[in-house]
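Asker: Data: structure_25.tsv, TSV, C-alpha atoms.
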```tsv
chain	number	residue	atom	x	y	z
A	250	LYS	CA	-0.77	2.85	23.60
A	251	ALA	CA	-3.41	1.18	25.70
A	252	GLY	CA	-6.98	2.01	24.71
A	253	VAL	CA	-9.77	3.43	26.79
A	254	THR	CA	-10.66	1.10	29.65
A	255	GLN	CA	-13.89	0.95	31.59
A	256	THR	CA	-14.62	-0.90	34.80
A	257	PRO	CA	-16.59	-2.83	35.64
A	258	ARG	CA	-17.76	-4.30	32.34
A	259	TYR	CA	-21.01	-5.62	33.77
A	260	LEU	CA	-23.00	-4.57	36.79
A	261	ILE	CA	-26.32	-5.55	38.30
A	262	LYS	CA	-27.94	-3.23	40.82
A	263	THR	CA	-31.29	-2.89	42.55
A	264	ARG	CA	-33.64	0.06	42.26
A	265	GLY	CA	-32.77	2.77	44.75
A	266	GLN	CA	-29.10	1.87	44.99
A	267	GLN	CA	-26.29	3.98	43.66
A	268	VAL	CA	-23.50	3.01	41.30
A	269	THR	CA	-20.08	4.32	40.29
A	270	LEU	CA	-18.53	3.58	36.92
A	271	SER	CA	-14.90	4.22	36.05
A	272	CYS	CA	-13.16	5.24	32.85
A	273	SER	CA	-9.42	5.44	32.21
A	274	PRO	CA	-8.61	7.44	29.06
A	275	ILE	CA	-5.79	6.89	26.63
A	276	SER	CA	-2.52	8.13	28.08
A	277	GLY	CA	-2.12	11.84	27.40
A	278	HIS	CA	-5.83	12.44	26.75
A	279	ARG	CA	-7.36	15.10	28.97
A	280	SER	CA	-10.98	14.98	27.85
A	281	VAL	CA	-13.41	12.26	28.88
A	282	SER	CA	-17.00	12.15	27.68
A	283	TRP	CA	-19.77	9.86	28.87
A	284	TYR	CA	-22.68	8.51	26.84
A	285	GLN	CA	-25.71	6.41	27.69
A	286	GLN	CA	-26.88	3.91	25.08
A	287	THR	CA	-30.34	2.36	25.28
A	288	PRO	CA	-32.51	0.64	22.65
A	289	GLY	CA	-35.22	3.26	23.08
A	290	GLN	CA	-33.26	6.50	23.31
A	291	GLY	CA	-30.13	5.55	21.39
A	292	LEU	CA	-26.85	7.23	22.23
A	293	GLN	CA	-27.19	10.26	24.45
A	294	PHE	CA	-24.49	12.55	25.72
A	295	LEU	CA	-24.20	12.73	29.51
A	296	PHE	CA	-21.27	15.06	30.20
A	297	GLU	CA	-17.70	15.84	29.33
A	298	TYR	CA	-14.75	16.59	31.57
A	299	PHE	CA	-11.55	18.32	30.63
A	300	SER	CA	-8.72	18.90	33.08
A	301	GLU	CA	-10.94	18.05	36.06
A	302	THR	CA	-13.66	20.53	35.02
A	303	GLN	CA	-17.06	19.69	33.61
A	304	ARG	CA	-17.07	21.42	30.26
A	305	ASN	CA	-20.41	20.31	28.88
A	306	LYS	CA	-23.49	18.58	30.19
A	307	GLY	CA	-26.35	16.73	28.52
A	308	ASN	CA	-30.00	16.73	29.46
A	309	PHE	CA	-30.02	14.21	32.32
A	310	PRO	CA	-31.39	14.55	35.85
A	311	GLY	CA	-29.15	15.51	38.74
A	312	ARG	CA	-28.95	11.84	39.81
A	313	PHE	CA	-26.27	11.54	37.16
A	314	SER	CA	-22.99	13.11	38.14
A	315	GLY	CA	-19.35	12.75	37.33
A	316	ARG	CA	-15.89	13.86	38.14
A	317	GLN	CA	-12.41	13.73	36.76
A	318	PHE	CA	-9.18	13.26	38.62
A	319	SER	CA	-5.80	14.89	38.07
A	320	ASN	CA	-4.63	11.82	36.12
A	321	SER	CA	-7.62	12.30	33.77
A	322	ARG	CA	-9.40	9.18	34.96
A	323	SER	CA	-13.10	9.81	35.28
A	324	GLU	CA	-15.96	8.39	37.27
A	325	MET	CA	-19.65	8.74	36.81
A	326	ASN	CA	-22.16	8.16	39.56
A	327	VAL	CA	-25.84	7.42	39.38
A	328	SER	CA	-27.79	7.74	42.60
A	329	THR	CA	-31.22	6.33	43.41
A	330	LEU	CA	-31.19	3.97	40.46
A	331	GLU	CA	-34.34	3.52	38.39
A	332	LEU	CA	-35.23	0.68	36.02
A	333	GLY	CA	-34.82	3.09	33.11
A	334	ASP	CA	-31.17	3.58	33.97
A	335	SER	CA	-30.42	0.12	32.60
A	336	ALA	CA	-28.12	0.83	29.68
A	337	LEU	CA	-24.69	0.53	28.18
A	338	TYR	CA	-22.56	3.40	29.45
A	339	LEU	CA	-19.77	4.39	27.11
A	340	CYS	CA	-16.91	6.71	27.76
A	341	ALA	CA	-14.73	8.31	25.15
A	342	SER	CA	-11.44	10.11	25.43
A	343	SER	CA	-9.63	12.65	23.32
A	344	PRO	CA	-6.75	15.05	23.75
A	345	GLY	CA	-9.41	17.72	24.24
A	346	LEU	CA	-7.27	20.40	22.69
A	347	TYR	CA	-8.58	22.90	20.20
A	348	SER	CA	-7.08	21.03	17.26
A	349	SER	CA	-8.53	17.71	18.29
A	350	TYR	CA	-11.59	16.23	16.66
A	351	GLU	CA	-11.43	12.47	17.21
A	352	GLN	CA	-12.73	10.54	20.19
A	353	TYR	CA	-11.83	6.99	21.12
A	354	PHE	CA	-14.43	4.86	22.84
A	355	GLY	CA	-14.10	2.29	25.58
A	356	PRO	CA	-15.89	-1.08	25.55
A	357	GLY	CA	-18.63	0.18	27.85
A	358	THR	CA	-20.18	-0.84	31.14
A	359	ARG	CA	-23.43	-2.75	30.90
A	360	LEU	CA	-25.63	-1.70	33.85
A	361	THR	CA	-28.74	-3.69	34.66
A	362	VAL	CA	-31.13	-2.33	37.26
A	363	THR	CA	-33.62	-4.82	38.73
B	235	ALA	CA	-30.27	22.25	18.48
B	236	GLN	CA	-28.41	19.95	16.17
B	237	THR	CA	-30.11	16.74	15.08
B	238	VAL	CA	-28.92	13.75	13.10
B	239	THR	CA	-31.30	11.47	11.22
B	240	GLN	CA	-30.66	8.01	9.85
B	241	SER	CA	-33.76	6.90	7.99
B	242	GLN	CA	-32.67	3.30	7.34
B	243	PRO	CA	-32.95	1.20	10.50
B	244	GLU	CA	-31.67	-1.88	8.68
B	245	MET	CA	-29.80	-2.59	5.48
B	246	SER	CA	-28.42	-5.73	3.95
B	247	VAL	CA	-25.92	-6.29	1.17
B	248	GLN	CA	-24.40	-9.24	-0.61
B	249	GLU	CA	-20.76	-9.87	0.20
B	250	ALA	CA	-18.42	-8.05	-2.24
B	251	GLU	CA	-21.19	-5.66	-3.29
B	252	THR	CA	-21.50	-1.95	-2.54
B	253	VAL	CA	-23.92	-0.41	-0.06
B	254	THR	CA	-24.74	3.18	0.86
B	255	LEU	CA	-25.99	4.27	4.27
B	256	SER	CA	-27.85	7.57	4.50
B	257	CYS	CA	-27.57	10.36	7.04
B	258	THR	CA	-29.02	13.84	7.17
B	259	TYR	CA	-28.44	16.46	9.82
B	260	ASP	CA	-29.74	19.81	10.85
B	261	THR	CA	-27.54	22.65	12.05
B	262	SER	CA	-27.26	26.39	11.77
B	263	GLU	CA	-23.48	26.27	12.11
B	264	SER	CA	-21.13	26.54	9.15
B	265	ASP	CA	-18.15	24.81	10.73
B	266	TYR	CA	-18.53	21.32	12.16
B	267	TYR	CA	-17.37	17.74	11.90
B	268	LEU	CA	-19.25	14.67	10.74
B	269	PHE	CA	-18.38	11.08	11.57
B	270	TRP	CA	-19.39	7.55	10.86
B	271	TYR	CA	-18.89	5.14	13.72
B	272	LYS	CA	-19.20	1.37	13.59
B	273	GLN	CA	-20.36	-0.70	16.55
B	274	PRO	CA	-19.95	-4.45	16.00
B	275	PRO	CA	-21.73	-6.95	18.21
B	276	SER	CA	-18.73	-6.79	20.60
B	277	ARG	CA	-19.96	-3.24	21.37
B	278	GLN	CA	-16.66	-1.39	20.92
B	279	MET	CA	-17.45	1.82	19.01
B	280	ILE	CA	-14.90	2.38	16.25
B	281	LEU	CA	-14.40	5.48	14.11
B	282	VAL	CA	-14.81	4.64	10.43
B	283	ILE	CA	-14.40	7.99	8.74
B	284	ARG	CA	-14.63	11.70	9.43
B	285	GLN	CA	-15.37	14.78	7.36
B	286	GLU	CA	-14.63	18.42	8.11
B	287	ALA	CA	-17.43	20.68	6.87
B	288	TYR	CA	-15.02	23.25	5.44
B	289	LYS	CA	-13.49	20.65	3.13
B	290	GLN	CA	-15.23	20.21	-0.19
B	291	GLN	CA	-13.42	17.00	-0.98
B	292	ASN	CA	-15.19	13.87	0.20
B	293	ALA	CA	-13.26	11.78	2.73
B	294	THR	CA	-12.16	8.26	1.85
B	295	GLU	CA	-10.64	5.48	3.94
B	296	ASN	CA	-9.84	2.38	1.94
B	297	ARG	CA	-13.21	0.77	1.08
B	298	PHE	CA	-15.16	3.49	2.91
B	299	SER	CA	-16.05	6.81	1.38
B	300	VAL	CA	-18.58	9.53	2.02
B	301	ASN	CA	-20.77	11.72	-0.12
B	302	PHE	CA	-20.91	15.04	1.73
B	303	GLN	CA	-23.50	17.49	0.43
B	304	LYS	CA	-23.24	20.53	2.71
B	305	ALA	CA	-26.08	22.53	1.19
B	306	ALA	CA	-28.41	19.54	1.42
B	307	LYS	CA	-27.05	18.64	4.88
B	308	SER	CA	-26.51	15.09	3.74
B	309	PHE	CA	-23.66	12.77	4.68
B	310	SER	CA	-23.89	9.24	3.27
B	311	LEU	CA	-21.42	6.40	3.74
B	312	LYS	CA	-20.50	4.09	0.89
B	313	ILE	CA	-18.94	0.74	1.63
B	314	SER	CA	-17.37	-0.92	-1.37
B	315	ASP	CA	-16.51	-4.61	-1.68
B	316	SER	CA	-18.51	-5.42	1.47
B	317	GLN	CA	-16.95	-7.98	3.79
B	318	LEU	CA	-18.43	-10.14	6.53
B	319	GLY	CA	-16.50	-8.09	9.08
B	320	ASP	CA	-18.44	-4.99	8.03
B	321	ALA	CA	-21.56	-6.34	9.72
B	322	ALA	CA	-22.34	-3.92	12.53
B	323	MET	CA	-24.47	-1.02	13.67
B	324	TYR	CA	-23.39	2.18	11.93
B	325	PHE	CA	-23.91	5.55	13.56
B	326	CYS	CA	-23.67	8.93	11.93
B	327	ALA	CA	-22.53	11.67	14.31
B	328	TYR	CA	-22.09	15.43	14.37
B	329	ARG	CA	-19.79	17.61	16.42
B	330	LEU	CA	-18.83	21.25	16.69
B	331	PRO	CA	-15.13	22.09	16.56
B	332	SER	CA	-13.17	21.89	19.77
B	333	ASN	CA	-12.43	25.60	19.84
B	334	PHE	CA	-15.96	25.93	21.14
B	335	GLY	CA	-14.88	23.76	24.07
B	336	ASN	CA	-17.34	21.14	22.99
B	337	GLU	CA	-16.55	17.45	22.61
B	338	LYS	CA	-20.20	16.46	22.52
B	339	LEU	CA	-21.17	14.06	19.75
B	340	THR	CA	-24.78	14.03	18.56
B	341	PHE	CA	-25.63	10.62	17.15
B	342	GLY	CA	-28.24	9.33	14.76
B	343	THR	CA	-30.33	6.30	15.65
B	344	GLY	CA	-28.12	3.94	13.70
B	345	THR	CA	-28.39	1.57	10.75
B	346	ARG	CA	-27.90	-2.15	11.28
B	347	LEU	CA	-25.94	-3.53	8.36
B	348	THR	CA	-26.11	-7.23	7.55
B	349	ILE	CA	-23.72	-8.86	5.11
B	350	ILE	CA	-25.12	-11.80	3.18
B	351	PRO	CA	-22.48	-14.43	2.31
```
Can you give me the file's structure in the form of structure tokens?

Answerer:
Amino acid sequence: KAGVTQTPRYLIKTRGQQVTLSCSPISGHRSVSWYQQTPGQGLQFLFEYFSETQRNKGNFPGRFSGRQFSNSRSEMNVSTLELGDSALYLCASSPGLYSSYEQYFGPGTRLTVT
Amino acid sequence: AQTVTQSQPEMSVQEAETVTLSCTYDTSESDYYLFWYKQPPSRQMILVIRQEAYKQQNATENRFSVNFQKAAKSFSLKISDSQLGDAAMYFCAYRLPSNFGNEKLTFGTGTRLTIIP
């Protein structure tokens, strides 16, 4: 099985712009979670989608949003970028079923805001 | 709210020796999962080992084992026969069971492990 893929791997944006990151889960996985990783704040949970519905949300401002498509692929969007949004954005997928307890991570998208 | 604490920002160990990474957590739940993830310089987060809170037996995976002390809310990782490939950032993480509809992982701040040849 192919692993979790994230595109693009690297991105440079300017303050005030918006950005969309993509995550393709492992085939058959219905849950996709997003995390932000920064040196100062560590790994923080952004949100989780299961079967196209947001099931859980972290403590981030409304500029951070996401969605999931019927094929389980997920996108996250950040509007009005700030310098502090520079981070590694990781997504993780899992079957998302009640018996599941393991998540598989993608390689991440490195976002730099200048 | 659940919190995970890793009090050792950096650790180093001689190749072939044993090292233990510490993790404590705070929760009011009785059923949960604990994980150790490894993030090498390539940045791909990899699951090392997991422990279900209802299991008294400590989990083991080859050279990796945990010491799970539920009452003390402690979850340490022991790496035996350390290898150069073990060099990475190690994160301890907590999660509630999926029947709560919750895939959220709460991570500690990480321990950077260096292997000395």

Asker: Give me the residues within 9 Å of A:Ser280 as a list in words, counting all atoms listed in the file and dropping any in the same chain fewer than 6 places off.

Answerer: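 Residues meeting the cut-off are Pro274, Glu297, Tyr298, Phe299, Ser300, Glu301, Ser321, Ala341, Ser342, Ser343, Pro344, Gly345 and Leu346 of chain A; Glu337 of chain B.
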
Asker: Residues as selected, C-alpha atoms, written as a PDB file, in the coordinates of the input, can you do that?

Answerer:
```
ATOM      1  CA  PRO A 274      -8.610   7.440  29.060  1.00  0.00           C
ATOM      2  CA  GLU A 297     -17.700  15.840  29.330  1.00  0.00           C
ATOM      3  CA  TYR A 298     -14.750  16.590  31.570  1.00  0.00           C
ATOM      4  CA  PHE A 299     -11.550  18.320  30.630  1.00  0.00           C
ATOM      5  CA  SER A 300      -8.720  18.900  33.080  1.00  0.00           C
ATOM      6  CA  GLU A 301     -10.940  18.050  36.060  1.00  0.00           C
ATOM      7  CA  SER A 321      -7.620  12.300  33.770  1.00  0.00           C
ATOM      8  CA  ALA A 341     -14.730   8.310  25.150  1.00  0.00           C
ATOM      9  CA  SER A 342     -11.440  10.110  25.430  1.00  0.00           C
ATOM     10  CA  SER A 343      -9.630  12.650  23.320  1.00  0.00           C
ATOM     11  CA  PRO A 344      -6.750  15.050  23.750  1.00  0.00           C
ATOM     12  CA  GLY A 345      -9.410  17.720  24.240  1.00  0.00           C
ATOM     13  CA  LEU A 346      -7.270  20.400  22.690  1.00  0.00           C
TER      14      LEU A 346
ATOM     15  CA  GLU B 337     -16.550  17.450  22.610  1.00  0.00           C
TER      16      GLU B 337
END
```

Asker: List as a PyMOL selection string the protein and nucleic acid residues near A:Arg258, meaning an atom at most 12 Å away when all atoms listed in the file are counted, but skip any in the same chain fewer than 5 places from it.

Answerer: (chain A and resi 269-272+336-340+355-361) or (chain B and resi 277-278)

Asker: Please write the residues from the selection above to a file, keeping C-alpha atoms, as a PDB file, in the coordinates of the input.

Answerer:
```
ATOM      1  CA  THR A 269     -20.080   4.320  40.290  1.00  0.00           C
ATOM      2  CA  LEU A 270     -18.530   3.580  36.920  1.00  0.00           C
ATOM      3  CA  SER A 271     -14.900   4.220  36.050  1.00  0.00           C
ATOM      4  CA  CYS A 272     -13.160   5.240  32.850  1.00  0.00           C
ATOM      5  CA  ALA A 336     -28.120   0.830  29.680  1.00  0.00           C
ATOM      6  CA  LEU A 337     -24.690   0.530  28.180  1.00  0.00           C
ATOM      7  CA  TYR A 338     -22.560   3.400  29.450  1.00  0.00           C
ATOM      8  CA  LEU A 339     -19.770   4.390  27.110  1.00  0.00           C
ATOM      9  CA  CYS A 340     -16.910   6.710  27.760  1.00  0.00           C
ATOM     10  CA  GLY A 355     -14.100   2.290  25.580  1.00  0.00           C
ATOM     11  CA  PRO A 356     -15.890  -1.080  25.550  1.00  0.00           C
ATOM     12  CA  GLY A 357     -18.630   0.180  27.850  1.00  0.00           C
ATOM     13  CA  THR A 358     -20.180  -0.840  31.140  1.00  0.00           C
ATOM     14  CA  ARG A 359     -23.430  -2.750  30.900  1.00  0.00           C
ATOM     15  CA  LEU A 360     -25.630  -1.700  33.850  1.00  0.00           C
ATOM     16  CA  THR A 361     -28.740  -3.690  34.660  1.00  0.00           C
TER      17      THR A 361
ATOM     18  CA  ARG B 277     -19.960  -3.240  21.370  1.00  0.00           C
ATOM     19  CA  GLN B 278     -16.660  -1.390  20.920  1.00  0.00           C
TER      20      GLN B 278
END
```

Asker: Which distance in Å separates atom CA of B:Thr254 and atom CA of B:Lys272, to one decimal?

Answerer: 14.0 Å

Asker: At a cut-off of 7 Å from (-31.6, -7.3, 40.1) in the coordinates of the file, what residues are picked up using only C-alpha atoms, written as a PyMOL selection string?

Answerer: chain A and resi 261-263+362-363

Asker: Restrict the distance test to all atoms listed in the file, flag each residue of chain B within 10 Å of chain A, and return the flagged residues as a short mmCIF file (atom, residue, chain, number, x, y, z; two decimals) with C-alpha atoms, keeping the file's coordinate frame.

Answerer:
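This is the output file result28.cif:
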```
data_model
loop_
_atom_site.label_atom_id
_atom_site.label_comp_id
_atom_site.auth_asym_id
_atom_site.auth_seq_id
_atom_site.Cartn_x
_atom_site.Cartn_y
_atom_site.Cartn_z
CA TYR B 266 -18.53 21.32 12.16
CA TYR B 267 -17.37 17.74 11.90
CA LEU B 268 -19.25 14.67 10.74
CA PHE B 269 -18.38 11.08 11.57
CA SER B 276 -18.73 -6.79 20.60
CA ARG B 277 -19.96 -3.24 21.37
CA GLN B 278 -16.66 -1.39 20.92
CA MET B 279 -17.45 1.82 19.01
CA ILE B 280 -14.90 2.38 16.25
CA LEU B 281 -14.40 5.48 14.11
CA ARG B 284 -14.63 11.70 9.43
CA GLU B 286 -14.63 18.42 8.11
CA PHE B 325 -23.91 5.55 13.56
CA ARG B 329 -19.79 17.61 16.42
CA LEU B 330 -18.83 21.25 16.69
CA PRO B 331 -15.13 22.09 16.56
CA SER B 332 -13.17 21.89 19.77
CA ASN B 333 -12.43 25.60 19.84
CA PHE B 334 -15.96 25.93 21.14
CA GLY B 335 -14.88 23.76 24.07
CA ASN B 336 -17.34 21.14 22.99
CA GLU B 337 -16.55 17.45 22.61
CA LYS B 338 -20.20 16.46 22.52
CA LEU B 339 -21.17 14.06 19.75
CA THR B 340 -24.78 14.03 18.56
CA PHE B 341 -25.63 10.62 17.15
CA GLY B 342 -28.24 9.33 14.76
CA THR B 343 -30.33 6.30 15.65
CA GLY B 344 -28.12 3.94 13.70
#
```

Asker: Between atom CA of A:Thr302 and atom CA of A:Phe318, measure the distance and give it in Å to one decimal.

Answerer: 9.3 Å

Asker: Between B:Asn296, B:Gln303, B:Gln242, B:Thr348, which residue has the minimum interatomic distance to B:Tyr259, considering only C-alpha atoms?

Answerer: B:Gln303

Asker: Can you tell me how far atom CA of B:Gln273 sits from atom CA of A:Gln303, in Å to one decimal?

Answerer: 26.8 Å

Asker: Which residues, written as a PyMOL selection string, have at least one atom at most 10 Å from B:Thr261, with all atoms listed in the file counted and residues fewer than 4 positions away on the same chain left out?

Answerer: chain B and resi 235-238+265-266+307+328+330

Asker: Go through B:Lys289, B:Arg346, B:Arg297, B:Lys304 and flag the residue nearest B:Val247, using only C-alpha atoms for the distances.

Answerer: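 That would be B:Arg346, the residue with the smallest distance to B:Val247.
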
Asker: Of the residues A:Ser273, A:Ser314, A:Asn308, A:Thr287, which is the one nearest to A:Gly333, using only C-alpha atoms?

Answerer: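 Distance minimum relative to A:Gly333 lands on A:Thr287.
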
Asker: Counting all atoms listed in the file, which of A:Gln286, A:Ser328, A:Ile275, A:Asn320 gets nearest to A:Gln255?

Answerer: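 Once distances to A:Gln255 are computed over all atoms listed in the file, the minimum belongs to A:Ile275.
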
Asker: From the set B:Ile313, B:Leu318, B:Ala305, B:Met245, which residue has the shortest atom-to-atom contact distance to B:Glu263, counting all atoms listed in the file?

Answerer: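 Once distances to B:Glu263 are computed over all atoms listed in the file, the minimum belongs to B:Ala305.
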
Asker: Rank nothing, just name the residue among A:Gln285, A:Tyr259, A:Arg264, A:Arg279 nearest to A:Ser323, using only C-alpha atoms.

Answerer: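 Among A:Gln285, A:Tyr259, A:Arg264, A:Arg279, it is A:Arg279 that comes nearest to A:Ser323.
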
Asker: So which residues touch B:Ala321 within 7 Å, counting only C-alpha atoms, skipping near sequence neighbours fewer than 4 positions away, as an MDAnalysis selection string?

Answerer: chainID B and resid 274 347:349
